[in-house]
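Here is the file start-v1.cif (mmCIF, C-alpha atoms and all ligand atoms).
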data_structure
loop_
_atom_site.group_PDB
_atom_site.id
_atom_site.type_symbol
_atom_site.label_atom_id
_atom_site.label_comp_id
_atom_site.auth_asym_id
_atom_site.auth_seq_id
_atom_site.Cartn_x
_atom_site.Cartn_y
_atom_site.Cartn_z
ATOM 1 C CA MET A 1 0.000 0.000 0.000
ATOM 2 C CA THR A 2 1.356 3.415 -0.926
ATOM 3 C CA ILE A 3 -0.032 6.881 -0.405
ATOM 4 C CA GLU A 4 -0.893 8.322 -3.803
ATOM 5 C CA ARG A 5 -2.586 11.392 -5.194
ATOM 6 C CA THR A 6 -5.013 11.379 -8.098
ATOM 7 C CA LEU A 7 -6.904 13.970 -10.103
ATOM 8 C CA SER A 8 -10.692 13.847 -10.038
ATOM 9 C CA ILE A 9 -13.202 15.929 -11.968
ATOM 10 C CA ILE A 10 -16.919 16.090 -11.275
ATOM 11 C CA LYS A 11 -18.177 16.703 -14.820
ATOM 12 C CA PRO A 12 -20.830 19.259 -15.893
ATOM 13 C CA ASP A 13 -23.702 16.725 -15.831
ATOM 14 C CA ALA A 14 -23.123 15.841 -12.162
ATOM 15 C CA VAL A 15 -22.489 19.475 -11.150
ATOM 16 C CA ALA A 16 -25.827 20.355 -12.825
ATOM 17 C CA LYS A 17 -27.543 17.567 -10.837
ATOM 18 C CA ASN A 18 -26.248 19.260 -7.663
ATOM 19 C CA VAL A 19 -24.592 16.105 -6.319
ATOM 20 C CA ILE A 20 -21.101 17.465 -5.577
ATOM 21 C CA GLY A 21 -21.595 16.820 -1.872
ATOM 22 C CA GLU A 22 -22.874 13.280 -2.411
ATOM 23 C CA ILE A 23 -19.872 12.492 -4.614
ATOM 24 C CA TYR A 24 -17.429 14.022 -2.098
ATOM 25 C CA ASP A 25 -19.091 11.805 0.525
ATOM 26 C CA ARG A 26 -18.249 8.726 -1.592
ATOM 27 C CA PHE A 27 -14.600 9.815 -1.788
ATOM 28 C CA GLU A 28 -14.339 10.444 1.940
ATOM 29 C CA LYS A 29 -16.131 7.199 2.907
ATOM 30 C CA ALA A 30 -13.610 5.357 0.692
ATOM 31 C CA GLY A 31 -10.751 6.892 2.707
ATOM 32 C CA LEU A 32 -9.770 9.478 0.092
ATOM 33 C CA ARG A 33 -8.871 12.951 1.377
ATOM 34 C CA ILE A 34 -9.489 16.096 -0.677
ATOM 35 C CA VAL A 35 -6.193 18.021 -0.806
ATOM 36 C CA ALA A 36 -7.126 20.565 -3.497
ATOM 37 C CA SER A 37 -10.450 21.689 -4.928
ATOM 38 C CA ARG A 38 -11.720 24.300 -7.357
ATOM 39 C CA MET A 39 -14.788 24.966 -9.494
ATOM 40 C CA GLU A 40 -14.018 26.101 -13.021
ATOM 41 C CA HIS A 41 -15.825 26.553 -16.316
ATOM 42 C CA LEU A 42 -13.253 25.122 -18.731
ATOM 43 C CA SER A 43 -12.474 26.835 -22.009
ATOM 44 C CA ALA A 44 -12.494 24.700 -25.164
ATOM 45 C CA ALA A 45 -8.725 25.150 -25.372
ATOM 46 C CA LYS A 46 -8.156 23.883 -21.829
ATOM 47 C CA ALA A 47 -10.588 20.951 -22.106
ATOM 48 C CA GLY A 48 -9.083 20.061 -25.489
ATOM 49 C CA GLU A 49 -5.574 20.094 -24.048
ATOM 50 C CA PHE A 50 -6.619 18.012 -21.031
ATOM 51 C CA TYR A 51 -8.134 15.349 -23.308
ATOM 52 C CA ALA A 52 -5.438 15.665 -26.018
ATOM 53 C CA VAL A 53 -4.728 11.926 -25.744
ATOM 54 C CA HIS A 54 -8.202 11.348 -27.251
ATOM 55 C CA ARG A 55 -7.707 13.860 -30.100
ATOM 56 C CA GLU A 56 -7.986 11.193 -32.816
ATOM 57 C CA ARG A 57 -11.046 9.493 -31.318
ATOM 58 C CA PRO A 58 -14.422 10.019 -33.045
ATOM 59 C CA PHE A 59 -15.978 11.354 -29.845
ATOM 60 C CA TYR A 60 -13.283 14.003 -29.165
ATOM 61 C CA ASN A 61 -15.304 17.033 -30.298
ATOM 62 C CA ASP A 62 -18.394 15.832 -28.412
ATOM 63 C CA LEU A 63 -16.264 15.251 -25.319
ATOM 64 C CA VAL A 64 -14.816 18.783 -25.425
ATOM 65 C CA ALA A 65 -18.289 20.256 -26.040
ATOM 66 C CA PHE A 66 -19.674 18.337 -23.065
ATOM 67 C CA MET A 67 -16.788 19.252 -20.751
ATOM 68 C CA THR A 68 -17.288 22.948 -21.554
ATOM 69 C CA SER A 69 -21.108 22.859 -21.310
ATOM 70 C CA GLY A 70 -21.059 23.990 -17.681
ATOM 71 C CA PRO A 71 -18.726 24.292 -14.703
ATOM 72 C CA VAL A 72 -16.777 21.332 -13.376
ATOM 73 C CA MET A 73 -15.464 20.627 -9.880
ATOM 74 C CA ILE A 74 -11.804 19.669 -9.930
ATOM 75 C CA GLN A 75 -10.074 18.008 -6.985
ATOM 76 C CA ALA A 76 -6.894 16.235 -6.017
ATOM 77 C CA LEU A 77 -7.550 13.198 -3.823
ATOM 78 C CA GLU A 78 -4.991 11.554 -1.554
ATOM 79 C CA GLY A 79 -4.939 8.185 0.159
ATOM 80 C CA GLU A 80 -3.683 4.625 0.075
ATOM 81 C CA ASP A 81 -3.785 3.399 -3.520
ATOM 82 C CA ALA A 82 -5.785 6.530 -4.343
ATOM 83 C CA ILE A 83 -5.635 6.045 -8.122
ATOM 84 C CA ALA A 84 -7.164 2.543 -8.136
ATOM 85 C CA LYS A 85 -9.482 3.329 -5.228
ATOM 86 C CA ASN A 86 -10.920 6.356 -7.021
ATOM 87 C CA ARG A 87 -11.410 4.304 -10.220
ATOM 88 C CA GLU A 88 -13.226 1.694 -8.117
ATOM 89 C CA VAL A 89 -15.520 4.276 -6.516
ATOM 90 C CA MET A 90 -16.162 5.843 -9.967
ATOM 91 C CA GLY A 91 -17.206 2.605 -11.724
ATOM 92 C CA ALA A 92 -16.752 1.625 -15.376
ATOM 93 C CA THR A 93 -16.493 4.297 -18.106
ATOM 94 C CA ASN A 94 -19.904 3.286 -19.475
ATOM 95 C CA PRO A 95 -22.472 3.656 -16.665
ATOM 96 C CA ALA A 96 -24.345 0.679 -18.148
ATOM 97 C CA ASP A 97 -21.350 -1.477 -17.172
ATOM 98 C CA ALA A 98 -20.669 0.199 -13.830
ATOM 99 C CA ALA A 99 -21.023 -1.927 -10.686
ATOM 100 C CA ALA A 100 -23.937 -1.172 -8.366
ATOM 101 C CA GLY A 101 -23.165 1.488 -5.799
ATOM 102 C CA THR A 102 -20.505 3.242 -7.891
ATOM 103 C CA ILE A 103 -20.732 6.936 -8.768
ATOM 104 C CA ARG A 104 -21.325 6.299 -12.463
ATOM 105 C CA ALA A 105 -24.015 3.672 -11.769
ATOM 106 C CA ASP A 106 -25.820 6.030 -9.411
ATOM 107 C CA PHE A 107 -25.350 9.447 -11.056
ATOM 108 C CA ALA A 108 -24.843 8.854 -14.806
ATOM 109 C CA GLN A 109 -26.800 7.276 -17.647
ATOM 110 C CA THR A 110 -24.579 7.394 -20.729
ATOM 111 C CA VAL A 111 -20.888 7.058 -21.647
ATOM 112 C CA ASP A 112 -20.783 10.578 -23.079
ATOM 113 C CA GLU A 113 -22.056 12.156 -19.833
ATOM 114 C CA ASN A 114 -20.561 9.931 -17.173
ATOM 115 C CA ALA A 115 -20.324 12.191 -14.092
ATOM 116 C CA VAL A 116 -16.651 11.890 -13.148
ATOM 117 C CA HIS A 117 -13.076 11.720 -14.386
ATOM 118 C CA GLY A 118 -10.242 9.977 -12.545
ATOM 119 C CA SER A 119 -6.562 9.609 -13.435
ATOM 120 C CA ASP A 120 -5.679 6.147 -14.728
ATOM 121 C CA GLY A 121 -2.042 5.825 -13.585
ATOM 122 C CA LEU A 122 0.785 7.364 -11.557
ATOM 123 C CA ASP A 123 2.243 9.400 -14.421
ATOM 124 C CA THR A 124 -1.109 10.745 -15.607
ATOM 125 C CA ALA A 125 -2.132 11.539 -12.018
ATOM 126 C CA ARG A 126 1.015 13.609 -11.501
ATOM 127 C CA ALA A 127 0.619 15.404 -14.839
ATOM 128 C CA GLU A 128 -3.119 16.036 -14.403
ATOM 129 C CA ILE A 129 -2.717 17.444 -10.867
ATOM 130 C CA GLU A 130 -0.005 19.772 -12.120
ATOM 131 C CA PHE A 131 -2.172 20.741 -15.119
ATOM 132 C CA PHE A 132 -4.911 22.072 -12.836
ATOM 133 C CA PHE A 133 -3.151 22.932 -9.577
ATOM 134 C CA GLY A 134 0.425 23.727 -10.593
ATOM 135 C CA ASN A 135 3.352 22.942 -8.319
ATOM 136 C CA ASP A 136 2.012 24.460 -5.112
ATOM 137 C CA GLY A 137 -1.798 24.189 -5.408
ATOM 138 C CA VAL A 138 -2.141 21.054 -3.279
ATOM 139 C CA CYS A 139 -2.414 21.423 0.494
ATOM 140 C CA PRO A 140 -0.694 18.765 2.645
ATOM 141 C CA ARG A 141 -2.980 17.328 5.328
ATOM 142 C CA THR A 142 -0.950 18.087 8.418
ATOM 143 C CA ARG A 143 -3.582 16.620 10.713
HETATM 144 P P1 LIG B 1 -12.299 7.023 -18.326
HETATM 145 O O1 LIG B 1 -10.829 6.990 -17.976
HETATM 146 O O2 LIG B 1 -13.103 5.969 -17.598
HETATM 147 O O3 LIG B 1 -12.911 8.393 -18.175
HETATM 148 O O4 LIG B 1 -12.435 6.619 -19.868
HETATM 149 P P2 LIG B 1 -11.559 6.963 -21.174
HETATM 150 O O5 LIG B 1 -10.235 7.548 -20.796
HETATM 151 O O6 LIG B 1 -11.588 5.767 -22.048
HETATM 152 O O7 LIG B 1 -12.437 8.080 -21.912
HETATM 153 C C1 LIG B 1 -12.387 9.414 -21.485
HETATM 154 C C2 LIG B 1 -13.766 9.991 -21.540
HETATM 155 O O8 LIG B 1 -14.169 10.074 -22.902
HETATM 156 C C3 LIG B 1 -14.862 9.176 -20.886
HETATM 157 O O9 LIG B 1 -14.951 9.367 -19.495
HETATM 158 C C4 LIG B 1 -16.103 9.688 -21.581
HETATM 159 O O10 LIG B 1 -16.510 10.940 -21.018
HETATM 160 C C5 LIG B 1 -15.585 9.948 -22.972
HETATM 161 N N1 LIG B 1 -15.933 8.837 -23.861
HETATM 162 C C6 LIG B 1 -15.391 7.593 -23.888
HETATM 163 N N2 LIG B 1 -15.986 6.847 -24.832
HETATM 164 C C7 LIG B 1 -16.921 7.650 -25.426
HETATM 165 C C8 LIG B 1 -17.857 7.473 -26.480
HETATM 166 O O11 LIG B 1 -17.951 6.410 -27.081
HETATM 167 N N3 LIG B 1 -18.630 8.559 -26.814
HETATM 168 C C9 LIG B 1 -18.532 9.757 -26.155
HETATM 169 N N4 LIG B 1 -19.312 10.791 -26.529
HETATM 170 N N5 LIG B 1 -17.663 9.952 -25.144
HETATM 171 C C10 LIG B 1 -16.875 8.915 -24.786
#
Whole structure given in structure tokens:
Amino acid sequence: MTIERTLSIIKPDAVAKNVIGEIYDRFEKAGLRIVASRMEHLSAAKAGEFYAVHRERPFYNDLVAFMTSGPVMIQALEGEDAIAKNREVMGATNPADAAAGTIRADFAQTVDENAVHGSDGLDTARAEIEFFFGNDGVCPRTR
């Protein structure tokens, strides 16, 4: 077990449903601590850069349009095996495949509006946290 940090985004569909608090509750009950948090309405340029890895995918333009359709809540989460734990709490990419009790099963209906983002590995977690919070935007939990 190692203490990791991961980047989480509550996407515009879930922000619009007003379930930020319920989703934060899932993180905290899973032992994940919020160490940075900000609401932001992403520009197309910023959303496009964040999802640049998907640039060649057929859904890229739809994804950028969705991610800029309203504000998102961006947070860095910390805890033991935080990257895998967050992915577990999120559920599968397609809500139809997401296990019962996961965020995507409970708060999303379709793959194109699936409530949350979570980093998928150590390198992406580091890069994604820096993308949104820079070098000094994360607050160590000193108690
Ligand atoms: P994730 O790591 O579980 O978020 O999944 P991926 O990295 O594979 O995909 C990134 C995001 O692209 C997903 O969370 C969806 O929002 C979106 N996405 C993936 N597949 C599709 C699709 O077939 N259509 C649309 N519109 N969006 C998709």
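Of the residues under consideration (A:Tyr51, A:Val64, A:Tyr24, A:Thr93), A:Tyr51 shows the shortest atom-to-atom contact distance to Thr124 in chain A when counting only C-alpha atoms.
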Could you list the protein, DNA and RNA residues that have any atom within 7 Å of ligand LIG 1 (chain B), counting all atoms listed in the file, and write them as a PyMOL selection string?
chain A and resi 59+62-63+92-93+111-114+117-120
May I have the protein, DNA and RNA residues with any atom at most 10 Å from the point (-14.3, 18.2, -17.4), counting only C-alpha atoms, written as a PyMOL selection string?
chain A and resi 8-13+40-43+46-48+50-51+63-74+115-117
Step by step, work through what the PyMOL selection byres (((chain A and resi 5) around 6) and not hetatm) selects in the shown file, and finish by giving those residues as a VMD selection string.
chain A and resid 4 6 77 to 78 82
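Of the listed residues A:Asp106, A:Asp81, A:Glu130, A:Asp97, the one whose atoms come nearest to Ile3 in chain A is A:Asp81, with distances taken using all atoms listed in the file.
Each of A:Val138, A:Val53, A:Ala84, A:Ala100 was checked against Gly121 in chain A using only C-alpha atoms; the smallest atom-to-atom distance is that of A:Ala84.
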Kindly complete range 91-102 of chain A to all heavy atoms; the output should be written as a short mmCIF file (atom, residue, chain, number, x, y, z; two decimals), in the frame of the given file.
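Here's the written file part31.cif:
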data_model
loop_
_atom_site.label_atom_id
_atom_site.label_comp_id
_atom_site.auth_asym_id
_atom_site.auth_seq_id
_atom_site.Cartn_x
_atom_site.Cartn_y
_atom_site.Cartn_z
N GLY A 91 -16.54 3.60 -10.89
CA GLY A 91 -17.21 2.60 -11.72
C GLY A 91 -16.74 2.68 -13.17
O GLY A 91 -15.98 3.58 -13.55
N ALA A 92 -17.20 1.74 -13.98
CA ALA A 92 -16.75 1.62 -15.38
C ALA A 92 -17.11 2.87 -16.18
O ALA A 92 -18.08 3.57 -15.88
CB ALA A 92 -17.38 0.40 -16.01
N THR A 93 -16.31 3.12 -17.24
CA THR A 93 -16.49 4.30 -18.11
C THR A 93 -17.94 4.42 -18.59
O THR A 93 -18.51 5.51 -18.58
CB THR A 93 -15.54 4.21 -19.32
OG1 THR A 93 -14.20 4.06 -18.83
CG2 THR A 93 -15.63 5.45 -20.19
N ASN A 94 -18.50 3.29 -19.04
CA ASN A 94 -19.90 3.29 -19.48
C ASN A 94 -20.79 2.96 -18.27
O ASN A 94 -20.70 1.86 -17.72
CB ASN A 94 -20.10 2.25 -20.58
CG ASN A 94 -21.49 2.35 -21.20
OD1 ASN A 94 -22.42 2.90 -20.59
ND2 ASN A 94 -21.64 1.84 -22.40
N PRO A 95 -21.63 3.89 -17.85
CA PRO A 95 -22.47 3.66 -16.66
C PRO A 95 -23.27 2.36 -16.75
O PRO A 95 -23.57 1.74 -15.71
CB PRO A 95 -23.40 4.87 -16.64
CG PRO A 95 -22.66 5.93 -17.36
CD PRO A 95 -21.84 5.23 -18.42
N ALA A 96 -23.59 1.92 -17.98
CA ALA A 96 -24.34 0.68 -18.15
C ALA A 96 -23.55 -0.52 -17.65
O ALA A 96 -24.13 -1.55 -17.26
CB ALA A 96 -24.71 0.49 -19.62
N ASP A 97 -22.22 -0.39 -17.64
CA ASP A 97 -21.35 -1.48 -17.17
C ASP A 97 -20.85 -1.27 -15.74
O ASP A 97 -20.10 -2.09 -15.22
CB ASP A 97 -20.11 -1.59 -18.09
CG ASP A 97 -20.49 -1.80 -19.55
OD1 ASP A 97 -21.51 -2.48 -19.78
OD2 ASP A 97 -19.77 -1.29 -20.43
N ALA A 98 -21.22 -0.15 -15.15
CA ALA A 98 -20.67 0.20 -13.83
C ALA A 98 -21.34 -0.62 -12.73
O ALA A 98 -22.56 -0.83 -12.73
CB ALA A 98 -20.86 1.70 -13.57
N ALA A 99 -20.51 -1.11 -11.79
CA ALA A 99 -21.02 -1.93 -10.69
C ALA A 99 -21.99 -1.11 -9.82
O ALA A 99 -21.85 0.11 -9.68
CB ALA A 99 -19.85 -2.42 -9.84
N ALA A 100 -22.94 -1.81 -9.24
CA ALA A 100 -23.94 -1.17 -8.37
C ALA A 100 -23.23 -0.44 -7.24
O ALA A 100 -22.23 -0.92 -6.70
CB ALA A 100 -24.88 -2.22 -7.80
N GLY A 101 -23.73 0.73 -6.91
CA GLY A 101 -23.16 1.49 -5.80
C GLY A 101 -22.01 2.39 -6.18
O GLY A 101 -21.51 3.14 -5.36
N THR A 102 -21.57 2.34 -7.45
CA THR A 102 -20.50 3.24 -7.89
C THR A 102 -21.12 4.58 -8.32
O THR A 102 -22.32 4.67 -8.58
CB THR A 102 -19.70 2.63 -9.05
OG1 THR A 102 -20.58 2.41 -10.16
CG2 THR A 102 -19.04 1.32 -8.65
#
